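For reference, data02.txt (compact mmCIF, C-alpha atoms and all ligand atoms):
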```
# COMPACT_ATOMS: atom_id res chain seq x y z
CA MET W 126 7.99 -40.79 221.07
CA ALA W 127 7.89 -39.98 224.75
CA TYR W 128 9.17 -36.90 226.47
CA GLN W 129 9.86 -35.66 229.99
CA SER W 130 8.45 -32.26 230.94
CA GLY W 131 10.36 -29.37 232.45
CA PHE W 132 13.34 -27.15 231.76
CA GLY W 133 16.76 -27.89 233.24
CA ASN W 134 15.45 -30.71 235.43
CA HIS W 135 17.67 -33.57 236.57
CA PHE W 136 16.04 -36.21 234.40
CA GLU W 137 16.40 -39.99 234.74
CA THR W 138 15.50 -42.23 231.83
CA GLU W 139 16.30 -45.80 230.80
CA SER W 140 15.15 -47.77 227.79
CA ILE W 141 16.00 -51.05 229.56
CA LYS W 142 14.60 -51.09 233.07
CA GLY W 143 17.16 -51.33 235.84
CA THR W 144 20.07 -49.91 233.80
CA LEU W 145 20.72 -46.76 235.82
CA PRO W 146 23.04 -47.36 238.78
CA LYS W 147 21.51 -46.70 242.17
CA GLY W 148 23.06 -43.99 244.34
CA MET W 149 26.23 -43.57 242.26
CA ASN W 150 27.33 -42.53 238.77
CA SER W 151 30.23 -44.77 237.83
CA PRO W 152 29.90 -48.32 239.15
CA GLN W 153 32.71 -50.81 238.71
CA LYS W 154 30.60 -52.77 236.22
CA PRO W 155 27.52 -50.97 234.84
CA GLU W 156 24.46 -53.12 234.11
CA HIS W 157 24.21 -54.99 230.78
CA GLY W 158 27.94 -54.59 229.99
CA LEU W 159 27.55 -50.87 229.24
CA TYR W 160 30.19 -48.18 229.59
CA ALA W 161 29.60 -45.14 231.82
CA GLU W 162 30.51 -41.76 230.30
CA GLN W 163 30.01 -38.26 231.65
CA LEU W 164 29.05 -35.45 229.25
CA SER W 165 29.74 -32.02 230.78
CA GLY W 166 28.14 -28.89 229.37
CA THR W 167 29.68 -26.52 231.91
CA ALA W 168 32.97 -26.42 233.77
CA PHE W 169 33.09 -28.88 236.69
CA THR W 170 33.28 -25.91 239.04
CA ALA W 171 30.35 -23.90 237.61
CA PRO W 172 27.94 -22.78 240.35
CA ARG W 173 25.41 -25.49 241.19
CA ALA W 174 22.46 -23.57 239.70
CA LYS W 175 24.25 -23.30 236.35
CA ASN W 176 26.10 -26.63 236.38
CA GLN W 177 25.06 -28.95 233.54
CA ARG W 178 26.12 -32.55 233.03
CA SER W 179 24.66 -35.92 232.25
CA TRP W 180 25.84 -39.48 232.82
CA LEU W 181 25.39 -41.78 229.83
CA TYR W 182 25.32 -45.61 229.98
CA ARG W 183 26.20 -46.75 226.48
CA ILE W 184 27.29 -49.65 224.32
CA HIS W 185 30.53 -47.96 223.13
CA PRO W 186 32.24 -45.00 224.78
CA ALA W 187 32.96 -42.00 222.52
CA VAL W 188 36.65 -42.88 222.26
CA VAL W 189 35.82 -45.74 219.89
CA GLN W 190 36.01 -43.98 216.51
CA GLY W 191 38.31 -43.56 213.51
CA GLU W 192 40.84 -40.80 212.94
CA PHE W 193 39.62 -37.19 212.54
CA ILE W 194 40.26 -35.87 209.02
CA GLU W 195 39.52 -32.25 208.12
CA THR W 196 37.01 -32.04 205.27
CA GLY W 197 35.81 -28.43 205.15
CA HIS W 198 32.24 -27.31 204.42
CA SER W 199 31.54 -25.10 201.42
CA THR W 200 28.67 -23.01 202.87
CA TRP W 201 28.96 -23.25 206.67
CA ILE W 202 31.16 -20.37 207.85
CA SER W 203 31.14 -19.88 211.59
CA SER W 204 34.58 -18.27 211.76
CA GLU W 205 36.18 -15.58 209.62
CA LYS W 206 39.12 -17.96 209.26
CA PHE W 207 37.03 -20.17 206.97
CA GLY W 208 35.12 -17.68 204.81
CA LYS W 209 34.68 -14.04 203.88
CA VAL W 210 32.39 -11.64 205.71
CA ILE W 211 31.42 -8.09 204.79
CA ARG W 212 31.31 -5.37 207.43
CA THR W 213 28.30 -3.33 206.33
CA PRO W 214 25.92 -1.07 208.26
CA ALA W 215 23.31 -1.47 205.49
CA PRO W 216 19.94 -2.97 206.38
CA LEU W 217 19.66 -6.37 204.68
CA ARG W 218 16.76 -8.51 203.63
CA PHE W 219 16.66 -11.80 201.81
CA ASN W 220 13.99 -13.67 199.84
CA GLU W 221 13.25 -17.25 200.75
CA PHE W 222 16.24 -19.57 200.97
CA PRO W 223 16.08 -21.80 197.87
CA PHE W 224 15.89 -25.58 198.00
CA PRO W 225 18.75 -27.51 196.41
CA THR W 226 18.20 -29.07 193.00
CA ALA W 227 20.37 -32.11 193.84
CA PRO W 228 19.97 -34.41 196.90
CA LYS W 229 21.25 -32.75 200.08
CA ASP W 230 20.90 -33.54 203.77
CA PHE W 231 20.57 -31.24 206.80
CA TRP W 232 24.27 -31.11 207.66
CA ASP W 233 25.47 -30.47 204.11
CA SER W 234 22.77 -27.88 203.44
CA LEU W 235 23.65 -25.51 206.30
CA TYR W 236 24.34 -22.11 204.75
CA THR W 237 25.64 -19.25 206.86
CA TYR W 238 23.95 -15.85 206.66
CA VAL W 239 25.63 -13.97 209.52
CA LEU W 240 28.10 -14.51 212.33
CA ASN W 241 29.61 -12.67 215.28
CA GLY W 242 31.90 -13.47 218.18
CA SER W 243 33.91 -16.65 217.71
CA PRO W 244 34.03 -20.29 218.72
CA GLU W 245 37.48 -19.64 220.26
CA SER W 246 36.22 -16.98 222.64
CA LYS W 247 32.94 -18.82 223.34
CA THR W 248 30.97 -15.65 222.51
CA GLY W 249 28.44 -14.76 219.86
CA CYS W 250 26.82 -17.01 217.32
CA ALA W 251 26.47 -17.89 213.67
CA ILE W 252 23.07 -18.05 211.98
CA HIS W 253 22.42 -20.48 209.16
CA LEU W 254 19.53 -21.67 207.06
CA TYR W 255 19.02 -25.27 206.02
CA ALA W 256 17.00 -26.53 203.08
CA CYS W 257 17.30 -30.27 202.53
CA ASN W 258 15.59 -33.03 200.63
CA GLN W 259 17.11 -36.19 202.10
CA SER W 260 17.86 -37.69 205.50
CA MET W 261 21.40 -37.99 206.84
CA LYS W 262 22.09 -41.57 205.73
CA ASN W 263 24.49 -43.42 208.05
CA ARG W 264 25.85 -39.97 208.95
CA PHE W 265 26.03 -38.52 212.45
CA ALA W 266 27.42 -35.25 213.73
CA TYR W 267 28.21 -33.21 216.80
CA ASN W 268 29.14 -29.57 217.30
CA ALA W 269 31.95 -28.90 219.78
CA ASP W 270 31.66 -25.14 219.14
CA ALA W 271 28.07 -24.50 220.01
CA GLU W 272 24.62 -25.55 221.02
CA MET W 273 22.26 -25.45 218.04
CA MET W 274 18.78 -23.95 218.22
CA ILE W 275 16.67 -25.16 215.29
CA VAL W 276 13.59 -23.21 214.12
CA PRO W 277 11.83 -25.30 211.44
CA GLN W 278 10.04 -23.24 208.81
CA LEU W 279 8.82 -25.93 206.41
CA GLY W 280 8.57 -29.70 206.85
CA ALA W 281 8.87 -31.97 209.86
CA ILE W 282 12.19 -33.49 210.91
CA LYS W 283 13.33 -36.07 213.44
CA VAL W 284 16.51 -35.13 215.27
CA LYS W 285 17.75 -38.46 216.62
CA THR W 286 20.28 -37.76 219.37
CA GLU W 287 22.36 -39.79 221.80
CA LEU W 288 19.85 -38.91 224.50
CA GLY W 289 16.64 -39.56 222.57
CA VAL W 290 14.57 -38.37 219.62
CA LEU W 291 13.30 -34.80 219.12
CA GLU W 292 10.42 -34.52 216.66
CA LEU W 293 10.27 -31.01 215.24
CA GLU W 294 8.00 -29.20 212.83
CA PRO W 295 7.10 -25.56 212.16
CA ASN W 296 5.86 -23.76 215.31
CA TRP W 297 8.37 -25.71 217.42
CA ILE W 298 11.98 -25.07 218.33
CA GLY W 299 14.55 -27.66 219.29
CA VAL W 300 17.93 -27.28 220.97
CA ILE W 301 20.84 -29.72 220.65
CA PRO W 302 23.42 -29.03 223.37
CA ARG W 303 27.09 -28.60 222.51
CA GLY W 304 28.72 -31.96 221.86
CA VAL W 305 25.58 -34.11 221.70
CA LYS W 306 25.72 -36.47 218.71
CA PHE W 307 22.75 -36.53 216.38
CA THR W 308 21.42 -37.26 212.93
CA VAL W 309 18.52 -35.58 211.13
CA GLU W 310 15.84 -37.57 209.31
CA LEU W 311 13.20 -36.00 207.14
CA THR W 312 9.59 -36.83 207.95
CA ASP W 313 8.37 -34.97 204.85
CA THR W 314 10.02 -34.92 201.43
CA GLN W 315 11.84 -31.67 202.19
CA ALA W 316 12.55 -29.39 205.12
CA ARG W 317 13.73 -25.84 205.61
CA GLY W 318 14.47 -23.75 208.67
CA TYR W 319 16.82 -21.56 210.66
CA VAL W 320 19.68 -22.58 212.96
CA CYS W 321 21.39 -20.45 215.59
CA GLU W 322 24.80 -21.86 216.46
CA ASN W 323 25.31 -20.39 219.92
CA PHE W 324 28.99 -20.24 220.90
CA GLY W 325 28.21 -18.56 224.23
CA LEU W 326 26.45 -19.55 227.42
CA PRO W 327 23.55 -21.95 226.90
CA PHE W 328 20.05 -20.62 226.27
CA ALA W 329 18.02 -20.32 229.48
CA LEU W 330 14.64 -18.97 230.46
CA PRO W 331 14.70 -15.23 231.18
CA ASP W 332 14.01 -13.84 234.63
CA LEU W 333 10.45 -12.57 234.94
CA GLY W 334 10.91 -9.60 237.30
CA PRO W 335 7.63 -7.76 237.95
CA ILE W 336 5.74 -10.15 235.61
CA GLY W 337 5.80 -12.61 238.52
CA ALA W 338 6.10 -16.37 238.72
CA ASN W 339 4.20 -17.21 235.52
CA GLY W 340 4.17 -16.13 231.91
CA LEU W 341 6.25 -15.99 228.73
CA ALA W 342 7.63 -19.52 228.17
CA ASN W 343 6.64 -21.68 231.13
CA ALA W 344 9.20 -24.29 232.21
CA ARG W 345 6.69 -27.16 232.30
CA ASP W 346 6.07 -26.86 228.54
CA PHE W 347 9.65 -27.78 227.58
CA GLU W 348 10.13 -31.42 226.57
CA THR W 349 13.25 -33.58 226.77
CA PRO W 350 13.23 -36.99 225.08
CA VAL W 351 13.42 -40.27 226.94
CA ALA W 352 16.37 -42.58 226.28
CA ALA W 353 16.21 -44.39 222.93
CA PHE W 354 19.15 -46.40 221.63
CA GLU W 355 20.10 -48.23 218.47
CA ASP W 356 22.49 -51.19 218.47
CA GLN W 357 23.81 -51.06 214.90
CA THR W 358 27.12 -52.04 213.40
CA GLY W 359 28.27 -51.16 209.89
CA SER W 360 29.96 -48.28 208.13
CA PHE W 361 29.07 -44.82 209.44
CA GLU W 362 30.44 -41.28 209.29
CA LEU W 363 30.78 -38.86 212.20
CA PHE W 364 31.10 -35.14 211.39
CA THR W 365 32.43 -32.63 213.89
CA ARG W 366 32.43 -28.85 214.05
CA TYR W 367 35.54 -27.78 215.91
CA GLN W 368 36.78 -24.15 216.14
CA GLY W 369 34.89 -23.29 212.98
CA SER W 370 36.32 -26.17 210.97
CA ASN W 371 34.62 -29.33 209.75
CA TRP W 372 35.99 -32.82 210.44
CA ARG W 373 35.04 -36.37 209.57
CA ALA W 374 35.76 -39.69 211.25
CA GLU W 375 34.68 -43.23 210.46
CA LEU W 376 32.60 -45.27 212.87
CA LYS W 377 31.81 -48.97 212.88
CA HIS W 378 28.73 -48.52 215.06
CA SER W 379 25.91 -46.04 215.51
CA PRO W 380 26.87 -43.50 218.19
CA LEU W 381 23.21 -43.30 219.23
CA ASP W 382 23.82 -46.22 221.59
CA VAL W 383 22.96 -44.70 224.98
CA VAL W 384 20.68 -47.16 226.76
CA ALA W 385 20.03 -44.99 229.81
CA TRP W 386 21.08 -41.57 231.09
CA HIS W 387 20.52 -39.18 233.93
CA GLY W 388 21.33 -35.51 234.35
CA ASN W 389 20.37 -32.01 233.27
CA TYR W 390 22.40 -31.70 230.05
CA ALA W 391 20.09 -32.86 227.28
CA PRO W 392 18.27 -31.79 224.13
CA TYR W 393 14.83 -30.24 224.41
CA ARG W 394 11.97 -28.91 222.32
CA TYR W 395 9.27 -26.33 222.89
CA ASP W 396 5.96 -25.60 221.16
CA LEU W 397 5.93 -21.84 220.53
CA ARG W 398 2.11 -21.90 220.52
CA LYS W 399 2.31 -22.44 224.28
CA TYR W 400 4.09 -19.09 224.71
CA ASN W 401 2.16 -16.77 227.03
CA THR W 402 2.47 -13.44 225.21
CA ILE W 403 2.35 -10.36 227.40
CA GLY W 404 1.93 -6.82 226.07
CA SER W 405 0.49 -3.37 226.55
CA ILE W 406 -3.11 -3.07 227.71
CA SER W 407 -2.96 0.72 227.97
CA PHE W 408 -0.80 2.61 225.47
CA ASP W 409 2.53 2.46 223.61
CA HIS W 410 4.32 -0.42 221.90
CA PRO W 411 6.57 -2.18 224.44
CA ASP W 412 10.18 -2.96 223.57
CA PRO W 413 10.42 -6.41 221.92
CA SER W 414 12.25 -7.82 224.94
CA ILE W 415 8.72 -8.40 226.31
CA PHE W 416 8.52 -11.29 223.78
CA THR W 417 11.71 -13.08 224.89
CA VAL W 418 11.42 -16.87 224.87
CA MET W 419 15.00 -17.72 225.83
CA THR W 420 18.21 -15.85 226.47
CA SER W 421 21.91 -16.64 226.30
CA PRO W 422 23.50 -14.09 228.64
CA SER W 423 26.74 -12.30 227.84
CA LEU W 424 29.28 -11.63 230.56
CA LEU W 425 27.85 -8.08 230.87
CA HIS W 426 24.84 -8.43 233.16
CA GLY W 427 21.51 -7.68 231.46
CA THR W 428 23.02 -7.67 227.97
CA ALA W 429 22.34 -10.73 225.88
CA ASN W 430 24.82 -12.73 223.90
CA ILE W 431 21.62 -13.77 222.09
CA ASP W 432 17.96 -13.33 222.89
CA PHE W 433 15.40 -15.48 221.09
CA VAL W 434 12.22 -13.43 220.68
CA ILE W 435 8.94 -14.30 218.92
CA PHE W 436 6.17 -12.21 217.35
CA THR W 437 3.18 -14.50 217.36
CA GLU W 438 -0.60 -14.41 217.68
CA ARG W 439 -1.74 -11.64 220.02
CA TRP W 440 -4.33 -8.98 220.57
CA MET W 441 -3.44 -5.36 219.93
CA VAL W 442 -5.52 -3.10 222.15
CA SER W 443 -3.27 -0.14 222.98
CA GLU W 444 -5.08 3.20 222.65
CA ASN W 445 -3.91 6.37 220.95
CA THR W 446 -0.78 4.47 219.90
CA PHE W 447 1.30 3.80 216.79
CA ARG W 448 0.88 0.06 217.15
CA PRO W 449 3.53 -1.49 214.88
CA PRO W 450 7.17 -1.51 216.00
CA TYR W 451 8.25 2.14 216.28
CA TYR W 452 11.06 3.53 214.14
CA HIS W 453 14.26 2.78 215.99
CA ARG W 454 18.03 2.60 216.08
CA ASN W 455 19.43 0.18 218.65
CA VAL W 456 22.80 -0.68 220.07
CA MET W 457 21.73 -4.33 219.81
CA ASN W 458 21.78 -6.23 216.51
CA GLU W 459 18.81 -8.02 215.02
CA PHE W 460 18.43 -11.04 212.76
CA MET W 461 14.80 -11.83 211.93
CA GLY W 462 13.12 -14.79 210.29
CA LEU W 463 9.52 -15.62 209.41
CA VAL W 464 8.04 -19.08 209.90
CA HIS W 465 4.61 -18.28 208.47
CA GLY W 466 2.13 -15.46 207.94
CA LYS W 467 2.91 -11.76 207.79
CA TYR W 468 4.89 -9.52 210.12
CA ASP W 469 3.05 -6.32 211.05
CA ALA W 470 5.86 -3.88 210.30
CA LYS W 471 6.57 -5.44 206.87
CA PRO W 472 3.43 -6.99 205.37
CA ASP W 473 5.24 -7.42 202.03
CA GLY W 474 8.80 -8.30 201.13
CA PHE W 475 9.57 -10.14 204.38
CA VAL W 476 8.60 -13.67 203.44
CA PRO W 477 8.49 -17.09 205.14
CA GLY W 478 11.92 -18.66 204.76
CA GLY W 479 13.41 -15.20 204.22
CA ALA W 480 15.42 -13.10 206.67
CA SER W 481 16.41 -9.57 207.58
CA VAL W 482 19.38 -8.06 209.39
CA HIS W 483 19.47 -4.68 211.15
CA ASN W 484 22.76 -3.95 212.83
CA CYS W 485 23.96 -1.56 215.52
CA MET W 486 22.51 1.97 215.09
CA THR W 487 21.08 1.31 211.61
CA GLY W 488 17.62 2.92 211.39
CA HIS W 489 14.66 0.70 210.56
CA GLY W 490 10.94 0.30 211.19
CA PRO W 491 7.66 0.02 209.33
CA ASP W 492 7.55 0.46 205.57
CA LYS W 493 5.30 3.12 204.00
CA ASP W 494 2.22 0.89 203.68
CA ALA W 495 2.47 -0.27 207.29
CA PHE W 496 3.00 3.34 208.44
CA GLU W 497 -0.07 4.56 206.56
CA LYS W 498 -2.28 1.75 207.84
CA ALA W 499 -1.12 2.32 211.42
CA THR W 500 -1.74 6.06 211.36
CA ALA W 501 -5.16 5.97 209.67
CA GLY W 502 -8.53 5.10 211.14
CA ALA W 503 -9.88 4.18 214.55
CA LEU W 504 -7.91 1.90 216.87
CA LYS W 505 -10.18 -1.01 217.66
CA PRO W 506 -9.01 -4.15 219.44
CA GLU W 507 -7.43 -6.28 216.73
CA LYS W 508 -6.20 -9.86 216.76
CA TYR W 509 -3.01 -10.70 214.90
CA SER W 510 -3.55 -14.30 213.80
CA ASN W 511 -1.67 -16.87 211.75
CA THR W 512 1.73 -15.28 212.12
CA LEU W 513 5.05 -16.38 213.59
CA ALA W 514 8.08 -14.15 213.15
CA PHE W 515 11.13 -14.39 215.36
CA MET W 516 14.34 -12.56 216.14
CA TRP W 517 17.77 -13.50 217.37
CA GLU W 518 19.13 -10.33 218.93
CA SER W 519 22.76 -9.99 219.96
CA VAL W 520 24.98 -7.42 221.61
CA TYR W 521 27.60 -8.24 218.94
CA PRO W 522 27.07 -6.89 215.39
CA PHE W 523 26.15 -9.54 212.81
CA LEU W 524 28.66 -9.84 209.99
CA PRO W 525 26.95 -11.09 206.83
CA THR W 526 28.85 -13.63 204.78
CA GLU W 527 30.01 -12.65 201.32
CA GLN W 528 28.11 -15.66 199.94
CA VAL W 529 24.74 -14.37 201.18
CA ILE W 530 25.43 -10.76 200.13
CA ARG W 531 26.21 -12.02 196.62
CA SER W 532 23.32 -14.50 196.55
CA SER W 533 20.48 -14.13 194.08
CA TRP W 534 18.02 -13.99 197.00
CA ASN W 535 19.56 -10.83 198.52
CA GLN W 536 17.02 -7.99 198.09
CA LYS W 537 19.42 -5.34 196.87
CA ASN W 538 16.70 -2.68 196.83
CA TYR W 539 15.51 -3.34 200.42
CA SER W 540 16.05 0.25 201.65
CA ASP W 541 13.63 1.49 198.97
CA CYS W 542 10.73 0.38 201.19
CA TRP W 543 11.33 3.48 203.34
CA GLN W 544 12.42 6.07 200.76
CA ASN W 545 8.86 7.00 199.80
CA LEU W 546 7.86 7.97 203.34
CA PRO W 547 6.54 11.48 202.76
CA LYS W 548 7.40 14.65 204.63
CA LEU W 549 4.37 15.26 206.84
CA PHE W 550 5.77 18.20 208.84
CA ARG W 551 3.30 21.01 209.49
CA PRO W 552 4.97 23.87 211.40
FE FE2 J 601 14.34 -3.69 215.11
```

Can you give me the file's structure in the form of structure tokens?
Amino acid sequence: MAYQSGFGNHFETESIKGTLPKGMNSPQKPEHGLYAEQLSGTAFTAPRAKNQRSWLYRIHPAVVQGEFIETGHSTWISSEKFGKVIRTPAPLRFNEFPFPTAPKDFWDSLYTYVLNGSPESKTGCAIHLYACNQSMKNRFAYNADAEMMIVPQLGAIKVKTELGVLELEPNWIGVIPRGVKFTVELTDTQARGYVCENFGLPFALPDLGPIGANGLANARDFETPVAAFEDQTGSFELFTRYQGSNWRAELKHSPLDVVAWHGNYAPYRYDLRKYNTIGSISFDHPDPSIFTVMTSPSLLHGTANIDFVIFTERWMVSENTFRPPYYHRNVMNEFMGLVHGKYDAKPDGFVPGGASVHNCMTGHGPDKDAFEKATAGALKPEKYSNTLAFMWESVYPFLPTEQVIRSSWNQKNYSDCWQNLPKLFRP
């Protein structure tokens, strides 16, 4: 597969040469008998620097489809109207998300852990895990509520979209913009990972401030697919997420029929191993915002709807310092996942494919073993290798779903990891 480099660029791509109109968007008769269709990701009047739209030249416009029929989804709950949540300040941690015993595809396997905000208000997000063992067969989908950031944890997948194919595997992330139609094929026999359904403003690269012009995630390392179309007729299904509900329509053609497109509203992927990690070279553990990969701003300046933050390979060299994450209580709310390896504050109990949730003002930090290791011995430069943990952090508290609280993989004794921290006070 081929990709175009850069983040937010105005890309131009055609799988049949000469398809894109010259100097205009909507010619009277597009080349090759195609239809022209605009896909807007922002309001028409959004400021130019934030305006996102693409023009698609396709075999069938999106209006050619069967009637929408509401079908529901038993485990995907992105609105309190469609499932129970539990308002709890308790710290939460979950063992690995289990694979299904029967055949299940990506769309059907999505299982909601937490949510906040709402699709109606275009704020907040819902966080799901997927664990699937078959490709979406003749099934396509789009999400009118949200863009979807996918963090694969196990197994490679191919996300075939209207605008081209994203190949994803662990260590990568992929983002499908709101409304873009796609299907997910398994490359391996099974796949598992995390999905953030972002109802708010699209993820963007953070400002760098005093860091300067380079560092963290560099724009040139983002990849957007080139146009790739299929001209298939038959019997297909199209699933839609709309205001937290799930709908189905019949199609007589594959909706992945865009022959050429241009614009800046498109899926992308990013290899997290290209992230330029920056940290302390003197003393103290910086706040985790130093590890931000992407941010979806809220309407309150400087306060994220969602930040996507990674804890990956890095040197620890700070002197005279408690090096793991300090004990803390934050106004922000944290959902963490682990792709592989161990996380320094929780060497045990926080497992790949698992998750943890620490909400507004709930105390958390290293467990007893991590505390003892960090406070004993000499502080030599140390490399943290073979680890990739990540966090979605939001200004809005995460409400866990009742299904995940009641699940067999909820670690009901999670708080015990701190209760044996001894009193060390010496007046
Ligand atoms: Fe935290």

- line: Residue with the minimum atom-to-atom distance to ligand FE2 601 (chain J), picked from W:Ser414, W:Ser165, W:Ser179, W:Asn268 with all atoms listed in the file counted, is W:Ser414

Just need the box for segment 350-366 of chain W, edges along x, y and z, holding every atom the file lists for it with 8 Å tacked onto each side, so centre and edge lengths in Å to one decimal, as lines of an AutoDock Vina configuration file.
```
center_x = 22.8
center_y = -40.4
center_z = 217.5
size_x = 35.2
size_y = 39.2
size_z = 34.8
```

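Residues with any atom within 10 Å of Ala344 of chain W, counting all atoms listed in the file and excluding same-chain neighbours fewer than 3 positions away, are Ser130, Gly131, Phe132, Gly133, Asn134, Leu330, Asn339, Gly340, Leu341, Phe347, Glu348 and Tyr395 of chain W.
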
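With all atoms listed in the file as the basis for measurement, W:Lys548 is the residue among W:Phe523, W:Asn458, W:Phe515, W:Lys548 that approaches Lys493 of chain W most closely.
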
message: Any residue with an atom at most 10 Å from ligand FE2 601 (chain J) counts, using only C-alpha atoms and all ligand atoms. Which are they? Put them as a ChimeraX atom specification.
response: /W:412-413,450-455,457-461,470,481-491,516,518

query: In Å, with one decimal, what is the gap from atom CA of Phe222 of chain W to atom CA of Met261 of chain W?
result: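 The value is 20.0 Å.
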
query: Between atom CA of Pro228 of chain W and atom CA of Cys257 of chain W, what is the distance, to one decimal in Å?
result: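 Atom CA of Cys257 of chain W lies at a distance of 7.5 Å from atom CA of Pro228 of chain W.
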
message: So that I can check the surroundings of His198 of chain W, please list as a PyMOL selection string every protein, DNA and RNA residue that reaches within 8 Å of it, counting all atoms listed in the file and ignoring chain neighbours fewer than 5 positions away.
response: chain W and resi 233+370-371

Selected residues, C-alpha atoms, written as a PDB file, in the frame of the given file, please.
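Output file out-v7.pdb follows:
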```pdb
ATOM      1  CA  ASP W 233      25.470 -30.470 204.110  1.00  0.00           C
ATOM      2  CA  SER W 370      36.320 -26.170 210.970  1.00  0.00           C
ATOM      3  CA  ASN W 371      34.620 -29.330 209.750  1.00  0.00           C
TER       4      ASN W 371
END
```

message: For a test of reading the model, state the distance in Å between atom CA of Ala374 of chain W and atom CA of Phe193 of chain W, rounded to one decimal.
response: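 So the two atoms, atom CA of Ala374 of chain W and atom CA of Phe193 of chain W, lie 4.8 Å apart.
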
message: Residues within 12 Å of Pro506 of chain W, please, as a VMD selection string. Count all atoms listed in the file; anything in the same chain fewer than 3 positions from it doesn't count.
response: chain W and resid 405 to 407 439 to 446 448 503 509

message: Let me make sure I understand: among W:Tyr393, W:Phe447, W:Tyr267, W:Phe207, which one has the smallest atom-to-atom distance to Glu322 of chain W if we use only C-alpha atoms?
response: W:Tyr267

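Using all atoms listed in the file, the smallest distance between any of W:Glu355, W:Asp230, W:Asp492, W:Glu192 and Pro472 of chain W comes from W:Asp492.
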
- request: May I ask which of the residues W:Thr428, W:Val284, W:Ala480, W:Ala342 is the closest one to Ile403 of chain W, counting all atoms listed in the file?
  value: W:Ala342

Counting all atoms listed in the file, the option among W:Leu181, W:Leu159, W:Ile141, W:Ala251 closest to Val305 of chain W: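 Nearest candidate to Val305 of chain W out of W:Leu181, W:Leu159, W:Ile141, W:Ala251: W:Leu181.
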
message: Excluding Val383 of chain W and its own-chain neighbours fewer than 5 positions away, which residues fall within 7 Å of it when counting all atoms listed in the file? Please give them as a PyMOL selection string.
response: chain W and resi 181-184+287-288+354
